[in-house]
Each structure stands twice: as C-alpha cells, then as structure tokens.
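Below is coords.tsv, holding TSV, C-alpha atoms.
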```tsv
chain	number	residue	atom	x	y	z
A	24	MET	CA	85.54	132.69	120.85
A	25	SER	CA	82.22	132.69	122.68
A	26	SER	CA	80.99	129.72	124.65
A	27	GLU	CA	78.10	129.32	122.19
A	28	ARG	CA	80.43	129.15	119.21
A	29	ALA	CA	82.75	126.79	121.08
A	30	SER	CA	79.87	124.41	121.77
A	31	ILE	CA	79.44	123.93	118.02
A	32	ASP	CA	83.14	123.69	117.13
A	33	ASP	CA	83.95	121.35	120.01
A	34	ALA	CA	80.99	119.05	119.50
A	35	ARG	CA	81.74	115.48	118.51
A	36	ALA	CA	80.00	113.13	116.13
A	37	PRO	CA	78.72	109.75	117.36
A	38	ALA	CA	81.37	107.11	117.90
A	39	SER	CA	79.85	104.87	115.22
A	40	VAL	CA	80.26	107.62	112.61
A	41	HIS	CA	83.86	108.18	113.68
A	42	ALA	CA	84.57	104.46	113.42
A	43	LEU	CA	83.18	104.33	109.89
A	44	VAL	CA	85.06	107.42	108.68
A	45	PHE	CA	88.36	106.50	110.31
A	46	SER	CA	88.15	102.91	109.04
A	47	ALA	CA	87.57	104.10	105.48
A	48	LEU	CA	90.49	106.53	105.65
A	49	PHE	CA	92.73	103.88	107.17
A	50	LEU	CA	91.90	101.35	104.44
A	51	ILE	CA	92.61	103.90	101.69
A	52	ALA	CA	95.92	104.90	103.27
A	53	PHE	CA	96.82	101.28	104.02
A	54	ALA	CA	96.27	100.17	100.41
A	55	PHE	CA	98.25	103.10	99.02
A	56	LEU	CA	101.17	102.85	101.44
A	57	GLY	CA	101.31	99.06	101.24
A	58	ALA	CA	101.60	99.23	97.46
A	59	SER	CA	104.12	102.07	97.77
A	60	TYR	CA	106.25	99.93	100.09
A	61	CYS	CA	106.36	97.08	97.55
A	62	VAL	CA	107.27	99.47	94.74
A	63	ALA	CA	109.94	101.23	96.80
A	64	ARG	CA	111.44	97.91	97.86
A	65	ALA	CA	111.67	96.78	94.25
A	66	LEU	CA	113.27	100.07	93.21
A	67	ILE	CA	115.88	99.82	95.96
A	68	GLY	CA	116.72	96.30	94.81
A	69	GLY	CA	118.11	93.34	96.65
A	70	MET	CA	116.49	90.15	97.88
A	71	GLY	CA	115.91	88.63	101.25
A	72	PRO	CA	115.31	90.28	104.63
A	73	SER	CA	117.62	93.18	105.41
A	74	ILE	CA	117.28	95.73	108.20
A	75	LEU	CA	118.96	98.44	106.13
A	76	MET	CA	116.71	97.78	103.15
A	77	MET	CA	113.63	97.80	105.38
A	78	VAL	CA	114.60	101.16	106.88
A	79	GLN	CA	115.30	102.67	103.46
A	80	THR	CA	112.02	101.34	102.09
A	81	LEU	CA	110.08	102.59	105.11
A	82	MET	CA	111.53	106.09	104.72
A	83	ALA	CA	110.71	106.13	101.01
A	84	THR	CA	107.17	104.95	101.74
A	85	ALA	CA	106.72	107.60	104.43
A	86	ALA	CA	107.66	110.24	101.87
A	87	THR	CA	104.84	109.08	99.59
A	88	SER	CA	102.29	109.72	102.36
A	89	VAL	CA	102.37	113.39	101.34
A	90	PHE	CA	99.99	112.42	98.53
A	91	LEU	CA	97.36	111.42	101.11
A	92	TRP	CA	97.18	114.66	103.06
A	93	TRP	CA	94.49	116.02	100.77
A	94	LEU	CA	92.19	113.55	102.57
A	95	ALA	CA	92.72	115.36	105.89
A	96	PRO	CA	89.40	117.30	105.77
A	97	LEU	CA	87.58	113.96	105.60
A	98	ALA	CA	88.87	113.18	109.10
A	99	ASP	CA	86.28	115.72	110.29
A	100	LEU	CA	83.53	114.31	108.09
A	101	GLY	CA	81.62	113.09	111.14
A	102	GLU	CA	81.44	116.57	112.63
A	103	ILE	CA	80.61	118.12	109.25
A	104	LEU	CA	77.66	115.78	108.68
A	105	CYS	CA	76.42	115.39	112.25
A	106	VAL	CA	77.18	118.77	113.84
A	107	HIS	CA	77.85	121.67	111.47
A	108	LEU	CA	75.40	120.95	108.66
A	109	PRO	CA	72.45	120.21	110.99
A	110	ALA	CA	73.21	123.38	112.98
A	111	LEU	CA	73.25	125.50	109.82
A	112	ARG	CA	70.03	123.89	108.61
A	113	ARG	CA	68.26	124.60	111.91
A	114	ALA	CA	69.48	128.20	111.84
A	115	ARG	CA	68.11	128.71	108.31
A	116	LEU	CA	64.72	127.42	109.47
A	117	GLY	CA	64.67	129.96	112.29
A	118	HIS	CA	65.38	127.42	115.01
A	119	CYS	CA	68.08	127.34	117.64
A	120	PRO	CA	71.19	125.82	116.02
A	121	HIS	CA	71.97	123.97	119.25
A	122	CYS	CA	68.71	122.39	120.36
A	123	GLY	CA	66.41	123.02	117.38
A	124	TYR	CA	63.81	124.94	119.38
A	125	ALA	CA	61.83	127.61	117.48
A	126	HIS	CA	63.12	130.80	119.08
A	127	GLU	CA	60.87	133.23	117.15
A	128	SER	CA	63.62	135.72	116.19
A	129	SER	CA	64.96	135.93	119.72
A	130	THR	CA	68.72	136.28	120.13
A	131	ILE	CA	68.70	133.91	123.11
A	132	CYS	CA	67.03	130.53	122.94
A	133	SER	CA	64.35	130.22	125.62
A	134	GLU	CA	64.85	126.46	125.69
A	135	CYS	CA	68.63	126.05	126.11
A	136	GLY	CA	69.65	129.64	126.88
A	137	ARG	CA	72.32	129.85	124.17
A	138	ASP	CA	72.89	132.26	121.31
A	139	THR	CA	70.59	131.63	118.35
A	140	ALA	CA	72.96	133.18	115.78
A	141	ALA	CA	73.88	130.88	112.90
A	142	PRO	CA	77.24	129.21	113.50
A	143	ALA	CA	80.13	129.81	111.14
A	144	PRO	CA	80.69	127.14	108.47
A	145	TRP	CA	83.21	124.40	109.10
A	146	GLU	CA	86.87	125.39	108.66
A	147	LEU	CA	90.00	123.29	108.46
A	148	ALA	CA	91.77	123.39	111.82
A	149	ALA	CA	94.27	121.37	113.82
A	150	ARG	CA	91.82	118.64	114.82
A	151	PRO	CA	91.44	116.89	111.43
A	152	LEU	CA	95.17	117.26	110.77
A	153	LYS	CA	96.01	115.49	114.03
A	154	ARG	CA	93.52	112.76	113.27
A	155	MET	CA	94.93	112.26	109.78
A	156	ALA	CA	98.46	112.11	111.15
A	157	TRP	CA	97.54	109.24	113.50
A	158	ILE	CA	95.70	107.44	110.70
A	159	LEU	CA	98.72	107.74	108.40
A	160	ILE	CA	101.12	106.50	111.08
A	161	ALA	CA	98.98	103.42	111.70
A	162	ALA	CA	98.51	102.80	107.97
A	163	LEU	CA	102.25	103.23	107.31
A	164	LEU	CA	103.24	100.65	109.91
A	165	ALA	CA	100.57	98.18	108.79
A	166	GLY	CA	101.37	98.73	105.11
A	167	ALA	CA	105.09	98.25	105.73
A	168	VAL	CA	104.52	94.94	107.51
A	169	VAL	CA	102.18	93.61	104.83
A	170	GLY	CA	104.40	94.93	102.01
A	171	GLU	CA	107.50	93.29	103.46
A	172	VAL	CA	105.71	89.97	103.97
A	173	TRP	CA	104.31	90.14	100.43
A	174	SER	CA	107.75	90.83	98.94
A	175	LEU	CA	109.45	88.09	100.95
A	176	HIS	CA	106.71	85.63	99.98
A	177	ASP	CA	107.20	86.47	96.30
A	178	GLU	CA	110.97	86.01	96.63
A	179	ALA	CA	110.49	82.67	98.41
A	180	ASN	CA	108.25	81.48	95.57
A	181	PHE	CA	110.91	82.50	93.06
A	182	ARG	CA	113.54	80.49	94.93
A	183	VAL	CA	111.24	77.47	94.82
A	184	GLU	CA	110.76	77.94	91.07
A	185	ALA	CA	114.51	78.28	90.56
A	186	ALA	CA	115.18	75.14	92.58
A	187	ALA	CA	112.65	73.23	90.48
A	188	ASP	CA	114.48	74.29	87.28
A	189	GLY	CA	117.76	72.83	88.47
A	190	THR	CA	120.85	74.86	87.63
A	191	ARG	CA	119.46	76.80	84.68
A	192	PRO	CA	119.42	80.60	84.86
A	193	LEU	CA	115.97	82.00	85.46
A	194	ARG	CA	114.36	85.41	85.41
A	195	ARG	CA	110.82	86.56	86.09
A	196	SER	CA	108.97	89.70	87.09
A	197	ARG	CA	108.08	90.46	90.66
A	198	ALA	CA	104.48	90.15	91.78
A	199	PHE	CA	102.07	93.08	91.54
A	200	PRO	CA	102.44	95.98	92.26
A	201	ALA	CA	106.19	95.72	91.58
A	202	SER	CA	105.87	93.80	88.32
A	203	PHE	CA	108.13	96.31	86.54
A	204	ALA	CA	111.13	94.82	88.39
A	205	THR	CA	112.70	91.42	87.78
A	206	MET	CA	114.28	88.74	89.92
A	207	THR	CA	117.17	86.79	88.43
A	208	VAL	CA	119.21	83.73	89.36
A	209	ASP	CA	122.27	82.72	87.35
A	210	ALA	CA	123.87	79.33	86.82
A	211	GLN	CA	125.91	79.77	90.01
A	212	ARG	CA	122.63	80.27	91.96
A	213	ASN	CA	123.32	83.91	92.71
A	214	TYR	CA	120.03	85.71	93.26
A	215	SER	CA	119.48	89.36	92.43
A	216	SER	CA	116.66	91.83	91.94
A	217	GLN	CA	116.78	94.60	89.38
A	218	ALA	CA	114.58	97.58	88.69
A	219	TRP	CA	114.61	100.47	86.25
A	220	SER	CA	118.08	101.57	87.32
A	221	ALA	CA	119.45	98.25	86.00
A	222	TYR	CA	118.49	99.04	82.42
A	223	GLU	CA	120.31	101.13	79.88
A	224	ARG	CA	119.58	102.41	76.40
A	225	ASP	CA	120.55	100.13	73.52
A	226	PRO	CA	121.85	102.41	70.73
A	227	ARG	CA	121.68	99.56	68.22
A	228	TRP	CA	117.91	99.38	68.39
A	229	GLN	CA	115.62	102.33	67.90
A	230	PRO	CA	111.89	102.11	67.19
A	231	THR	CA	110.77	103.60	63.91
A	232	ASP	CA	107.79	105.23	65.59
A	233	PRO	CA	108.94	108.67	66.93
A	234	ALA	CA	106.28	108.56	69.65
A	235	ARG	CA	107.67	105.30	71.00
A	236	ARG	CA	111.21	106.65	70.77
A	237	GLU	CA	110.23	109.67	72.87
A	238	ARG	CA	108.60	107.43	75.49
A	239	GLY	CA	111.91	105.66	76.02
A	240	TRP	CA	111.38	102.40	74.17
A	241	GLY	CA	114.49	100.46	73.31
A	242	TRP	CA	115.99	99.47	76.63
A	243	LYS	CA	118.02	96.40	77.41
A	244	GLN	CA	119.25	94.84	80.59
A	245	LYS	CA	122.79	95.60	81.66
A	246	ALA	CA	123.52	92.13	82.96
A	247	ASP	CA	124.33	89.50	80.36
A	248	ASP	CA	121.63	86.97	81.09
A	249	ALA	CA	121.41	85.43	77.62
A	250	GLY	CA	119.76	82.08	77.74
A	251	ALA	CA	117.86	82.83	80.92
A	252	PRO	CA	114.25	81.78	80.35
A	253	THR	CA	111.63	84.35	81.29
A	254	LYS	CA	108.45	83.39	83.05
```
Using structure tokens, write down the structure from this file.
Amino acid sequence: MSSERASIDDARAPASVHALVFSALFLIAFAFLGASYCVARALIGGMGPSILMMVQTLMATAATSVFLWWLAPLADLGEILCVHLPALRRARLGHCPHCGYAHESSTICSECGRDTAAPAPWELAARPLKRMAWILIAALLAGAVVGEVWSLHDEANFRVEAAADGTRPLRRSRAFPASFATMTVDAQRNYSSQAWSAYERDPRWQPTDPARRERGWGWKQKADDAGAPTK
C-alpha cells in the first residue's frame, strides 16, 4: 500500500463525529441487549438474585449480540462521511483528493506533493470490527446491570403485592419485555417464576379455527394454581 493511499485509509474523522456515531451505536446495542437480558432471565426462570442465574443469563444475552454485528460498518461512518466521500468528490472534480487543490491533470499535487489518483472506495476492514466489539462489550455489561436491576425491582413489587393480599395465592405477568412469563406465589408463600417451558398442551381443548390450532393455541399451565387470582 502506498503512503498516499495509506493517508486516506488511516485518516480519522473529528472526535465529535466519533462521539455521535459511537453513542448512537451504544444506545441501540444497550436497548437490545438490556431487553434480551430480561427475556433470557425470564426464560431461565427463578426469582431473586442468584450468581448462577446471572451467569447463565449473561451468556445467553451475549449470544444474542450476533444479531447486532450487521451494524459494524456504521462504526466507520465518521470516516466514510468525513474522509472517503469528500476525497472521492474532490477527485471527481479534478482536485487533489487530499488537500482539494486543483492539480490540472497532474499526477502529483503541486500543493501537498501527494498522488492525485482517486482513492479506492471504503471497504470493510478490521478497524470497524474492533470498534463494534468494544461497543458491544460495553453495551452488554450495561444492559446486564440494568436488566438485572429491572427484573429484581419487578420481583420486589410482586412480593409487596403478594404481602398485601395476605395468604391468598397470586399470579401475574412479569413486566415488559418479559411479560410472556408469570410470577406465582402459593398459599404457603412459595414464590416461583415460569416461562414457556412451564406450559403444556391441553388435549381436552382445541380451537375450532385451524389457523389458531397451528399457531399453538390451547396451552395450560402445568402447576395446579386453581383459585389463584391473576393481575
């Protein structure tokens, strides 16, 4: 690679542009991974703080980060907008792609002394992948902390609701985004959390609509919680 080509590929966008791009990518990854942590924790089941459950949930959440790698090219958005595109535009206008001086078809710019050939378009390389990896690591840790606090807060609220109802059994859905799962307390004040794996098909009830039958309608809870009010 020539020194002229390297000067384009190694150029950096302004720090303010980097801050804006990286912040946007972090917020997107943080929202996705935080929600994924809450969902994974509900699927694993259990209530209350547990080191083993936190590790299992963190590993499951890390696996979902594969769906965010398509954003990796955006980690170089600053260089694309501030370096590569301006250089290509200057080259099309017959100017030096580095300094913008009108070189009048000369192969060497008389102003900066560098090659006036148009630079190659941007290509995906190791730099945006490394940047995206650091963004995902930071978003994973932040999302795990917020997701765990959110789940524990929801469970604490459920315990308060159960205490207010006395000794009656109680069941309600978890808070968003894990509202598909339920938290239950029986008359003996045993708390549990159940997700999809805690449901089984009820052969005595089948919907008449074939489309609903194919979508899996007609499920009942395994545990016998008859009489437990649902909120």
Tell me, as a tab-separated table (two decimals) with C-alpha atoms, in the frame of the given file, which residues lie within 9 Å of Leu100 (chain A), counting only C-alpha atoms; anything in the same chain fewer than 5 positions away does not count.
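Here's the written file part.tsv:
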```tsv
chain	number	residue	atom	x	y	z
A	36	ALA	CA	80.00	113.13	116.13
A	40	VAL	CA	80.26	107.62	112.61
A	41	HIS	CA	83.86	108.18	113.68
A	44	VAL	CA	85.06	107.42	108.68
A	105	CYS	CA	76.42	115.39	112.25
A	151	PRO	CA	91.44	116.89	111.43
```
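As for CA of Cys119 (chain A) and CA of Thr139 (chain A), they are spaced 5.0 Å apart.
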Between CA of Met76 (chain A) and CA of Ser216 (chain A) - distance in Å to one decimal: 12.7 Å
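With only C-alpha atoms as the basis for measurement, A:Leu81 is the residue among A:Ala42, A:Leu50, A:Leu81, A:Ala125 that approaches Arg64 (chain A) most closely.
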Given all atoms listed in the file as the counted atoms, nearest of A:Phe199, A:Leu159, A:Trp173, A:Arg212 to Ala185 (chain A): A:Arg212
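As for CA of Val169 (chain A) and CA of Gln217 (chain A), they are spaced 21.3 Å apart.
For Arg115 (chain A), the non-local neighbours within 10 Å, defined as residues at least 6 positions apart in the same chain or in other chains and counting all atoms listed in the file, are Pro109, Ala140 and Ala141 of chain A.
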Those same residues - C-alpha atoms - I'd like them written as a PDB file, in the coordinates of the input.
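Output file part_22.pdb follows:
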```pdb
ATOM      1  CA  PRO A 109      72.450 120.210 110.990  1.00  0.00           C
ATOM      2  CA  ALA A 140      72.960 133.180 115.780  1.00  0.00           C
ATOM      3  CA  ALA A 141      73.880 130.880 112.900  1.00  0.00           C
TER       4      ALA A 141
END
```
For Leu111 (chain A): contacts at 8 Å, only C-alpha atoms, fewer than 5 positions along chain excluded, given as a VMD selection string: chain A and resid 120 141 to 142 144
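Among A:Pro72, A:Gly101, A:Pro192, A:Gly170, the residue with the shortest atom-to-atom distance to Leu56 (chain A), counting only C-alpha atoms, is A:Gly170.
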Could you give me region 138-158 of chain A completed to N, CA and C atoms, formatted as a tab-separated table (two decimals), keeping the file's coordinate frame?
```
chain	number	residue	atom	x	y	z
A	138	ASP	N	73.04	131.32	122.41
A	138	ASP	CA	72.89	132.26	121.31
A	138	ASP	C	72.25	131.55	120.12
A	139	THR	N	71.29	132.22	119.49
A	139	THR	CA	70.59	131.63	118.35
A	139	THR	C	71.20	132.03	117.01
A	140	ALA	N	72.32	132.77	117.03
A	140	ALA	CA	72.96	133.18	115.78
A	140	ALA	C	73.47	131.94	115.04
A	141	ALA	N	73.42	132.00	113.71
A	141	ALA	CA	73.88	130.88	112.90
A	141	ALA	C	75.37	130.67	113.10
A	142	PRO	N	75.80	129.46	113.32
A	142	PRO	CA	77.24	129.21	113.50
A	142	PRO	C	78.00	129.39	112.20
A	143	ALA	N	79.28	129.67	112.33
A	143	ALA	CA	80.13	129.81	111.14
A	143	ALA	C	80.30	128.45	110.47
A	144	PRO	N	80.47	128.42	109.16
A	144	PRO	CA	80.69	127.14	108.47
A	144	PRO	C	81.96	126.46	108.97
A	145	TRP	N	82.04	125.17	108.68
A	145	TRP	CA	83.21	124.40	109.10
A	145	TRP	C	84.47	124.94	108.43
A	146	GLU	N	85.57	124.97	109.18
A	146	GLU	CA	86.87	125.39	108.66
A	146	GLU	C	87.92	124.36	109.05
A	147	LEU	N	88.90	124.21	108.18
A	147	LEU	CA	90.00	123.29	108.46
A	147	LEU	C	90.83	123.83	109.62
A	148	ALA	N	91.02	123.00	110.63
A	148	ALA	CA	91.77	123.39	111.82
A	148	ALA	C	92.74	122.27	112.19
A	149	ALA	N	93.26	122.35	113.40
A	149	ALA	CA	94.27	121.37	113.82
A	149	ALA	C	93.67	119.99	114.07
A	150	ARG	N	92.41	119.93	114.45
A	150	ARG	CA	91.82	118.64	114.82
A	150	ARG	C	91.85	117.61	113.70
A	151	PRO	N	91.36	117.91	112.49
A	151	PRO	CA	91.44	116.89	111.43
A	151	PRO	C	92.86	116.57	111.01
A	152	LEU	N	93.78	117.54	111.12
A	152	LEU	CA	95.17	117.26	110.77
A	152	LEU	C	95.79	116.27	111.75
A	153	LYS	N	95.49	116.43	113.04
A	153	LYS	CA	96.01	115.49	114.03
A	153	LYS	C	95.43	114.10	113.81
A	154	ARG	N	94.14	114.06	113.52
A	154	ARG	CA	93.52	112.76	113.27
A	154	ARG	C	94.14	112.08	112.06
A	155	MET	N	94.35	112.84	110.99
A	155	MET	CA	94.93	112.26	109.78
A	155	MET	C	96.35	111.79	110.03
A	156	ALA	N	97.09	112.52	110.85
A	156	ALA	CA	98.46	112.11	111.15
A	156	ALA	C	98.48	110.75	111.84
A	157	TRP	N	97.59	110.54	112.81
A	157	TRP	CA	97.54	109.24	113.50
A	157	TRP	C	97.09	108.13	112.55
A	158	ILE	N	96.15	108.44	111.67
A	158	ILE	CA	95.70	107.44	110.70
A	158	ILE	C	96.85	107.05	109.77
```
